[in-house]
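Have a look at the structure below, then the notes.
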Amino acid sequence: MEGDNVLSTPGHLVSLAARGFARLSEARLKPLRFGVGHLPVLVALRDGKASTQRDLARFARIEQPPMAQMLGRMERDGLIRRTPDPNDGRSQRVMLTDAALARLPEAVAVLFRGNRDALNGFTQGEAEQFVALLTRLLANLDRLTDDRSASA
């Protein structure tokens, strides 16, 4: 795998694939008035995995300032509402609006359909192996970045 062609490295190819998935997802989610970045937040809120900006940022693996901006846009667009946290006066609880809840199942279906379309020609076993390999790759990357943070 080592060689002169940096454009054939896993990092570059995964980056190209991620951008391709993002373009496909954005185009297909636009009619539903969702962005691809909204989906981790919407799903986390729906599933009760997070309810504060800090928890959402951690869940979506982004920093707090971009999460604050995204939540501001989502509130403006009527996807979420914020209320004071009764247990912490400095914090707010984030909740989905009824409008977001109503459109979310279709958005999730659109994303699954996009993934199936992108894996056209893959056998079921190949698709499962691909997901397993990507999951291992992400775990390695998390470990490497966590190690680097700890040693800095």
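Within each chain, counting starts at residue 1; across the structure tokens, chains are named A, B, ... in the order shown, with ligands numbered 1 upward in that order.
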DSSP-assigned helix (DSSP H, G or I) among range 52-149 of chain A, expressed as a ChimeraX atom specification
/A:53-60,64-76,98-118,124-149
Could you please take those selected residues and save C-alpha atoms as a short mmCIF file (atom, residue, chain, number, x, y, z; two decimals), in the first residue's frame?
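Output contents, as saved in result35.cif:
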data_model
loop_
_atom_site.label_atom_id
_atom_site.label_comp_id
_atom_site.auth_asym_id
_atom_site.auth_seq_id
_atom_site.Cartn_x
_atom_site.Cartn_y
_atom_site.Cartn_z
CA GLN A 53 -25.74 21.57 23.97
CA ARG A 54 -22.69 20.06 25.68
CA ASP A 55 -24.07 16.51 25.43
CA LEU A 56 -25.07 17.04 21.81
CA ALA A 57 -21.61 18.34 20.92
CA ARG A 58 -20.02 15.31 22.54
CA PHE A 59 -22.47 12.93 20.84
CA ALA A 60 -21.96 14.50 17.38
CA GLN A 64 -19.22 23.54 21.34
CA PRO A 65 -19.06 26.75 19.21
CA PRO A 66 -20.14 25.02 15.96
CA MET A 67 -22.83 23.12 17.90
CA ALA A 68 -24.13 26.41 19.32
CA GLN A 69 -24.33 27.84 15.79
CA MET A 70 -26.10 24.75 14.47
CA LEU A 71 -28.60 24.78 17.33
CA GLY A 72 -29.27 28.46 16.68
CA ARG A 73 -30.06 27.71 13.02
CA MET A 74 -32.16 24.68 13.97
CA GLU A 75 -34.15 26.78 16.44
CA ARG A 76 -34.63 29.51 13.81
CA ASP A 98 -43.43 18.38 16.52
CA ALA A 99 -42.54 19.49 12.97
CA ALA A 100 -39.06 17.94 13.22
CA LEU A 101 -40.45 14.75 14.74
CA ALA A 102 -42.96 14.45 11.92
CA ARG A 103 -40.31 14.78 9.18
CA LEU A 104 -37.56 12.75 10.85
CA PRO A 105 -38.73 9.25 9.81
CA GLU A 106 -38.70 10.27 6.14
CA ALA A 107 -35.24 11.83 6.53
CA VAL A 108 -33.86 8.64 8.08
CA ALA A 109 -35.43 6.59 5.25
CA VAL A 110 -33.81 8.93 2.70
CA LEU A 111 -30.39 8.37 4.29
CA PHE A 112 -30.80 4.60 4.35
CA ARG A 113 -31.88 4.66 0.70
CA GLY A 114 -28.81 6.75 -0.17
CA ASN A 115 -26.54 4.26 1.56
CA ARG A 116 -28.17 1.36 -0.30
CA ASP A 117 -27.79 3.24 -3.58
CA ALA A 118 -24.13 3.98 -2.87
CA GLN A 124 -24.83 -8.19 1.62
CA GLY A 125 -21.66 -9.76 3.03
CA GLU A 126 -19.43 -7.15 1.39
CA ALA A 127 -21.60 -4.33 2.74
CA GLU A 128 -21.47 -5.81 6.25
CA GLN A 129 -17.70 -6.31 6.01
CA PHE A 130 -17.26 -2.75 4.74
CA VAL A 131 -19.18 -1.37 7.74
CA ALA A 132 -17.18 -3.57 10.12
CA LEU A 133 -13.89 -2.37 8.60
CA LEU A 134 -14.93 1.27 8.78
CA THR A 135 -15.98 0.79 12.41
CA ARG A 136 -12.54 -0.64 13.22
CA LEU A 137 -10.86 2.20 11.33
CA LEU A 138 -12.82 4.79 13.32
CA ALA A 139 -11.92 3.07 16.59
CA ASN A 140 -8.23 3.20 15.59
CA LEU A 141 -8.51 6.88 14.67
CA ASP A 142 -10.27 7.67 17.97
CA ARG A 143 -7.57 5.85 19.89
CA LEU A 144 -4.79 7.63 18.00
CA THR A 145 -6.32 11.07 18.47
CA ASP A 146 -7.07 10.34 22.14
CA ASP A 147 -3.47 9.16 22.63
CA ARG A 148 -2.16 12.31 20.96
CA SER A 149 -4.39 14.51 23.15
#
What is the distance, in Å and to one decimal place, between CA of Glu26 in chain A and CA of Leu42 in chain A?
15.1 Å
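Separating CA of Gln92 in chain A from CA of Lys30 in chain A is a distance of 28.0 Å.
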